[in-house]
Amino acid sequence: MAYAGQHVGAAAARVLVVAPAWVGDMVMAHTLVPGLVRRGAVVEFLAPRATADLGRRMPGVSAVHDLNVGHGVLGFRERVDAAGRLKARRFDWAIVLPNSFKSAIAPFLAGIPRRTGFTGEVRYGLLNDRRRLDTGSQPRLVDRYAAL
């Protein structure tokens, strides 16, 4: 099984994690952080209001960027605004945890060169490092996050 951050090298030191909207999923999202940090990455989160404060309390997360969009809302204008703010941070890699189309919009518009996530909801153009979700070998969400 692949572990979080195993693909991070010196050239990919700034990583944005697009965080989930549910608190339990956000707790599991932290499994990515230690592996990334061990390999020298600076890890920041893009998180909705519901989970942003939790992200700020996670060891290894250097910054959390608020996404002011409610759960289940497209909020395209807010995602465009977030992309503008993220572009200035010059991320090398985005890891998009939620499987939704809307979750992949901001990293794409921010011009982040490597955008990793599971294939889902017609995200083919938005993600350029798509992973096939294998629920048989990764039945738990925490294992799926760690595999990205």
# chains A, B, ... in the order shown; residues from 1 in each chain; ligands from 1
call {"tool": "residues_around", "arguments": {"residues": "range 118-133 of chain A", "least_positions_apart": "6", "cutoff": "12 Å", "atoms": "only C-alpha atoms", "output": "VMD selection string"}}
result
chain A and resid 2 7 93 to 112 139 to 141 143 to 145 147 to 148
call {"tool": "select_by_dssp", "arguments": {"residues": "range 11-131 of chain A", "states": "strand (DSSP E)", "output": "VMD selection string"}}
result
chain A and resid 14 to 18 42 to 48 61 to 67 93 to 96 114 to 118 129 to 131
call {"tool": "residues_around", "arguments": {"residues": "Val142 in chain A", "least_positions_apart": "6", "cutoff": "8 Å", "atoms": "only C-alpha atoms", "output": "list in words"}}
result
Met28, Ala29 and Thr31 of chain A
call {"tool": "select_by_dssp", "arguments": {"residues": "chain A", "states": "alpha helix (DSSP H)", "output": "JSON, numbers by chain"}}
result
{"A": [23, 24, 25, 26, 27, 28, 29, 32, 33, 34, 35, 36, 37, 38, 49, 50, 51, 52, 53, 54, 55, 56, 76, 77, 78, 79, 80, 81, 82, 83, 84, 85, 86, 87, 105, 106, 107, 108, 109, 141, 142, 143, 144, 145, 146, 147]}
call {"tool": "closest_residue", "arguments": {"among": "A:Ala21, A:Met26, A:Leu67, A:Arg57", "to": "Ala83 in chain A", "atoms": "only C-alpha atoms"}}
result
A:Leu67
call {"tool": "decode", "arguments": {"residues": "range 98-113 of chain A", "atoms": "N, CA and C atoms", "output": "CSV table (one decimal), in the first residue's frame"}}
result
chain,number,residue,atom,x,y,z
A,98,PRO,N,-12.2,15.1,-0.8
A,98,PRO,CA,-13.6,14.8,-1.2
A,98,PRO,C,-13.6,14.3,-2.7
A,99,ASN,N,-14.6,13.5,-3.0
A,99,ASN,CA,-14.7,13.0,-4.4
A,99,ASN,C,-15.6,13.8,-5.3
A,100,SER,N,-16.0,15.0,-4.8
A,100,SER,CA,-16.9,15.8,-5.6
A,100,SER,C,-16.2,16.7,-6.6
A,101,PHE,N,-16.9,17.0,-7.7
A,101,PHE,CA,-16.4,17.9,-8.7
A,101,PHE,C,-16.0,19.2,-8.1
A,102,LYS,N,-16.9,19.8,-7.3
A,102,LYS,CA,-16.7,21.1,-6.8
A,102,LYS,C,-15.4,21.2,-5.9
A,103,SER,N,-15.0,20.1,-5.3
A,103,SER,CA,-13.8,20.1,-4.5
A,103,SER,C,-12.5,20.3,-5.3
A,104,ALA,N,-12.6,20.0,-6.5
A,104,ALA,CA,-11.4,20.0,-7.4
A,104,ALA,C,-11.3,21.4,-8.1
A,105,ILE,N,-12.3,22.2,-8.0
A,105,ILE,CA,-12.3,23.5,-8.8
A,105,ILE,C,-11.2,24.4,-8.4
A,106,ALA,N,-11.1,24.7,-7.1
A,106,ALA,CA,-10.1,25.8,-6.6
A,106,ALA,C,-8.7,25.4,-7.0
A,107,PRO,N,-8.2,24.1,-6.7
A,107,PRO,CA,-6.9,23.8,-7.1
A,107,PRO,C,-6.6,23.9,-8.6
A,108,PHE,N,-7.6,23.6,-9.4
A,108,PHE,CA,-7.4,23.7,-10.8
A,108,PHE,C,-7.3,25.2,-11.2
A,109,LEU,N,-8.2,26.0,-10.7
A,109,LEU,CA,-8.2,27.4,-11.1
A,109,LEU,C,-7.0,28.1,-10.5
A,110,ALA,N,-6.4,27.6,-9.4
A,110,ALA,CA,-5.2,28.2,-8.8
A,110,ALA,C,-3.9,27.8,-9.6
A,111,GLY,N,-4.1,26.9,-10.6
A,111,GLY,CA,-2.9,26.6,-11.4
A,111,GLY,C,-1.9,25.7,-10.7
A,112,ILE,N,-2.4,24.9,-9.7
A,112,ILE,CA,-1.5,24.0,-9.0
A,112,ILE,C,-1.1,22.9,-10.0
A,113,PRO,N,0.2,22.7,-10.2
A,113,PRO,CA,0.6,21.8,-11.3
A,113,PRO,C,0.2,20.3,-11.1
